[in-house]
>>> print(open('structure30.cif').read())   # mmCIF, C-alpha atoms
data_my_file
#
loop_
_atom_site.label_atom_id
_atom_site.label_comp_id
_atom_site.auth_asym_id
_atom_site.auth_seq_id
_atom_site.Cartn_x
_atom_site.Cartn_y
_atom_site.Cartn_z
CA MET U 1 140.91 129.35 107.80
CA SER U 2 138.48 128.78 104.93
CA PRO U 3 134.85 127.77 105.67
CA ALA U 4 135.55 124.39 104.05
CA ALA U 5 138.48 123.80 106.41
CA ALA U 6 136.29 124.57 109.46
CA GLU U 7 134.23 121.42 108.82
CA PRO U 8 135.66 118.18 110.21
CA LEU U 9 137.73 116.31 107.66
CA THR U 10 136.04 112.94 107.19
CA PRO U 11 136.66 110.21 104.59
CA GLU U 12 133.19 110.88 103.14
CA ARG U 13 133.93 114.61 102.75
CA ILE U 14 137.24 113.81 101.07
CA LEU U 15 135.53 111.41 98.68
CA GLU U 16 132.80 113.94 97.79
CA THR U 17 135.44 116.58 97.11
CA THR U 18 137.55 114.14 95.11
CA GLU U 19 134.53 113.48 92.91
CA GLU U 20 134.19 117.23 92.27
CA VAL U 21 137.92 117.53 91.50
CA LEU U 22 137.76 114.57 89.12
CA ARG U 23 134.78 116.14 87.36
CA ARG U 24 136.67 119.43 87.02
CA TYR U 25 140.12 118.17 86.00
CA GLY U 26 139.56 114.62 84.77
CA PRO U 27 141.39 111.52 86.02
CA ALA U 28 144.64 112.27 84.20
CA LYS U 29 145.17 115.71 85.79
CA ALA U 30 143.44 115.50 89.18
CA THR U 31 145.89 115.24 92.07
CA VAL U 32 145.71 114.82 95.83
CA VAL U 33 147.00 118.39 96.11
CA ASP U 34 143.96 119.55 94.08
CA VAL U 35 141.67 117.68 96.47
CA ALA U 36 143.43 119.15 99.51
CA ARG U 37 143.24 122.67 98.04
CA ALA U 38 139.50 122.27 97.40
CA LEU U 39 139.07 121.13 101.01
CA GLY U 40 141.22 123.95 102.38
CA VAL U 41 143.63 121.53 104.07
CA SER U 42 147.15 120.24 103.50
CA HIS U 43 147.64 117.21 101.27
CA GLY U 44 149.09 115.46 104.35
CA SER U 45 145.64 115.71 105.96
CA VAL U 46 144.14 113.83 103.02
CA TYR U 47 146.91 111.20 103.23
CA ARG U 48 146.02 110.57 106.88
CA HIS U 49 142.70 109.16 105.63
CA PHE U 50 143.92 107.66 102.34
CA PRO U 51 147.59 106.57 102.29
CA SER U 52 148.10 107.13 98.56
CA LYS U 53 146.56 108.63 95.44
CA ALA U 54 145.75 105.09 94.29
CA ALA U 55 143.95 104.33 97.58
CA LEU U 56 141.92 107.53 97.23
CA ARG U 57 140.95 106.75 93.64
CA GLU U 58 140.06 103.18 94.63
CA ALA U 59 137.83 104.45 97.46
CA VAL U 60 136.09 106.92 95.13
CA THR U 61 135.47 104.13 92.62
CA GLU U 62 134.11 101.83 95.33
CA ARG U 63 131.81 104.59 96.63
CA TRP U 64 130.49 105.29 93.13
CA LEU U 65 129.80 101.62 92.43
CA GLY U 66 128.23 101.21 95.87
CA LYS U 67 125.54 103.76 95.08
CA THR U 68 124.04 101.27 92.62
CA VAL U 69 124.27 98.25 94.91
CA GLY U 70 122.00 99.61 97.68
CA ARG U 71 118.85 99.84 95.57
CA LEU U 72 119.54 96.46 93.97
CA GLU U 73 120.00 94.88 97.40
CA GLU U 74 116.58 96.19 98.43
CA ILE U 75 115.02 94.41 95.46
CA ALA U 76 116.98 91.19 96.02
CA SER U 77 116.06 91.12 99.73
CA ASP U 78 112.39 92.05 99.30
CA GLY U 79 110.26 89.19 100.60
CA ALA U 80 107.25 90.14 98.47
CA GLY U 81 106.63 89.24 94.86
CA SER U 82 107.68 86.34 92.70
CA ALA U 83 111.28 85.68 91.75
CA PRO U 84 110.61 86.34 88.04
CA SER U 85 109.11 89.75 88.84
CA LYS U 86 111.98 90.54 91.25
CA LEU U 87 114.48 89.49 88.59
CA GLU U 88 112.84 91.80 86.07
CA ALA U 89 112.76 94.68 88.59
CA TRP U 90 116.42 94.08 89.54
CA LEU U 91 117.60 94.13 85.91
CA GLU U 92 115.54 97.24 85.21
CA ALA U 93 116.93 99.03 88.30
CA LEU U 94 120.49 98.19 87.26
CA PHE U 95 119.92 99.48 83.73
CA ASP U 96 118.21 102.65 85.01
CA ALA U 97 121.04 103.34 87.45
CA LYS U 98 123.70 102.93 84.77
CA ARG U 99 121.76 105.04 82.26
CA HIS U 100 121.32 107.83 84.79
CA LYS U 101 124.99 107.80 85.72
CA ALA U 102 125.98 108.03 82.07
CA GLY U 103 123.34 110.58 81.05
CA ASP U 104 123.12 112.83 84.10
CA ASP U 105 126.84 113.49 84.45
CA PRO U 106 128.69 112.31 81.31
CA GLU U 107 132.01 113.89 82.34
CA LEU U 108 132.04 112.08 85.66
CA PHE U 109 130.85 108.85 84.03
CA ALA U 110 133.77 109.05 81.58
CA THR U 111 136.12 109.67 84.51
CA TYR U 112 134.80 106.64 86.35
CA THR U 113 135.22 104.50 83.25
CA VAL U 114 138.93 105.30 83.45
CA LEU U 115 139.02 104.64 87.21
CA LEU U 116 137.24 101.31 86.75
CA ALA U 117 140.05 100.15 84.48
CA GLU U 118 142.60 101.09 87.18
CA ASN U 119 140.77 99.34 90.02
CA SER U 120 140.11 95.84 88.77
CA GLY U 121 139.92 94.42 92.30
CA VAL U 122 137.17 96.87 93.25
CA VAL U 123 135.33 96.14 90.00
CA GLU U 124 135.64 92.37 90.45
CA ALA U 125 134.21 92.62 93.99
CA HIS U 126 131.36 94.81 92.71
CA LEU U 127 130.50 92.41 89.91
CA ALA U 128 130.67 89.44 92.29
CA GLU U 129 128.23 91.23 94.61
CA LEU U 130 125.80 91.86 91.75
CA VAL U 131 125.97 88.25 90.55
CA GLU U 132 125.46 87.07 94.14
CA GLN U 133 122.28 89.18 94.37
CA LEU U 134 121.03 87.64 91.14
CA GLY U 135 121.85 84.20 92.54
CA ARG U 136 119.72 84.83 95.61
CA ILE U 137 116.75 85.87 93.48
CA ILE U 138 117.13 82.82 91.25
CA ALA U 139 117.56 80.47 94.22
CA GLU U 140 114.38 81.91 95.72
CA GLY U 141 112.57 81.17 92.46
CA VAL U 142 113.90 77.60 92.36
CA GLU U 143 112.75 77.05 95.95
CA ALA U 144 109.29 78.48 95.18
CA GLY U 145 109.02 76.44 91.98
CA SER U 146 108.72 79.46 89.66
CA LEU U 147 112.20 79.00 88.16
CA ASP U 148 113.84 75.79 86.97
CA VAL U 149 117.62 76.04 87.26
CA ALA U 150 120.07 73.21 87.96
CA ASP U 151 123.11 75.40 88.74
CA VAL U 152 122.09 78.66 90.42
CA PRO U 153 125.55 80.38 90.42
CA ALA U 154 126.06 79.55 86.73
CA ALA U 155 122.56 80.80 85.88
CA ALA U 156 123.15 84.04 87.80
CA ARG U 157 126.39 84.66 85.90
CA ALA U 158 124.68 83.82 82.60
CA VAL U 159 121.85 86.30 83.29
CA PHE U 160 124.39 88.99 84.16
CA ASP U 161 126.44 88.29 81.03
CA ALA U 162 123.39 88.05 78.76
CA THR U 163 122.20 91.50 79.85
CA GLY U 164 125.66 93.12 79.72
CA ARG U 165 124.67 95.50 76.93
CA PHE U 166 122.39 97.23 79.43
CA HIS U 167 124.86 97.71 82.29
CA ASP U 168 128.43 97.43 80.99
CA PRO U 169 129.86 100.97 80.59
CA GLN U 170 131.42 100.04 77.24
CA TYR U 171 127.87 100.14 75.78
CA ALA U 172 126.95 103.52 77.28
CA ALA U 173 126.79 105.23 73.88
CA GLU U 174 123.93 102.90 72.92
CA TRP U 175 121.83 103.72 76.01
CA THR U 176 120.36 106.87 74.45
CA SER U 177 119.02 105.03 71.40
CA PRO U 178 115.26 105.57 70.97
CA THR U 179 114.79 101.79 70.71
CA ILE U 180 116.91 100.80 73.74
CA GLY U 181 113.90 100.38 76.05
CA ARG U 182 112.22 97.91 73.70
CA GLU U 183 115.52 96.07 73.19
CA PHE U 184 116.01 95.81 76.97
CA GLU U 185 112.48 94.45 77.43
CA ALA U 186 112.97 91.87 74.66
CA VAL U 187 116.25 90.58 76.10
CA THR U 188 115.09 90.46 79.73
CA SER U 189 111.80 88.81 78.77
CA LEU U 190 113.68 86.13 76.82
CA VAL U 191 116.16 85.56 79.67
CA ILE U 192 113.45 85.27 82.32
CA ARG U 193 111.31 83.01 80.13
CA GLY U 194 114.33 80.72 79.74
CA LEU U 195 114.59 80.36 83.53
CA ARG U 196 110.92 79.64 84.21
CA ALA U 197 109.84 76.24 85.44
#
>>> encode(input="structure30.cif", output="structure tokens")
Amino acid sequence: MSPAAAEPLTPERILETTEEVLRRYGPAKATVVDVARALGVSHGSVYRHFPSKAALREAVTERWLGKTVGRLEEIASDGAGSAPSKLEAWLEALFDAKRHKAGDDPELFATYTVLLAENSGVVEAHLAELVEQLGRIIAEGVEAGSLDVADVPAAARAVFDATGRFHDPQYAAEWTSPTIGREFEAVTSLVIRGLRA
């Protein structure tokens, strides 16, 4: 028995290993058998936790997207600070998270871009969660009188769409531009100014 097989087989361990396998082989070639081999178990053991290759890939995608949501939720739920400053911090944290994912591990980021296209339900739920967080920040600002918005859900969606260049993976190639920081600040400043009371 390999040392890897001696550890208990948990969904989290399978997902971590799947990420490594995807990085090594890419989404087109990575298989459940590759994941099982890397874990030192049979592919049937992996299927006991994830009933299909699609379910495994969906779970990996959801886990990857979820890593961004936690930090953003902290900002959205923070009781301190004004809504405009929280909105700015939230947008900056989202952009930083996306830039790091793309820059720190470009192979895995490219793999996830493929997986995102396969898992539209997971992506839609993720985007809805992000827009909901924005909505809470904006609603807080409306209640405090620092933001003037008639339709909070529509405003949250508009803010998300208006800043898409700084979080949508299709723009990842632009995120290394030497002027991207100034461009981000200009757009977010304009968006926040447009929401102020």
>>> residues_around(input="structure30.cif", residues="Glu20 (chain U)", least_positions_apart="4", cutoff="9 Å", atoms="only C-alpha atoms", output="VMD selection string")
chain U and resid 15 to 16 24 to 25 35 38 108
>>> write_last_selection(input="structure30.cif", atoms="C-alpha atoms", output="PDB file, keeping the file's coordinate frame")
ATOM      1  CA  LEU U  15     135.530 111.410  98.680  1.00  0.00           C
ATOM      2  CA  GLU U  16     132.800 113.940  97.790  1.00  0.00           C
ATOM      3  CA  ARG U  24     136.670 119.430  87.020  1.00  0.00           C
ATOM      4  CA  TYR U  25     140.120 118.170  86.000  1.00  0.00           C
ATOM      5  CA  VAL U  35     141.670 117.680  96.470  1.00  0.00           C
ATOM      6  CA  ALA U  38     139.500 122.270  97.400  1.00  0.00           C
ATOM      7  CA  LEU U 108     132.040 112.080  85.660  1.00  0.00           C
TER       8      LEU U 108
END
>>> closest_residue(input="structure30.cif", among="U:Asp168, U:Glu143, U:Asp148, U:Glu92", to="Val187 (chain U)", atoms="all atoms listed in the file")
U:Glu92
>>> resolve_selection(input="structure30.cif", expression="the PyMOL selection byres ((chain U and resi 110-116) around 8)", output="PyMOL selection string")
chain U and resi 22-23+26-27+57-58+61+102+106-109+117-120+122-123+169
>>> atom_distance(input="structure30.cif", atom1="CA of Gly164 (chain U)", atom2="CA of Ser77 (chain U)")
22.3 Å
>>> atom_distance(input="structure30.cif", atom1="CA of Ala93 (chain U)", atom2="CA of Ser146 (chain U)")
21.3 Å
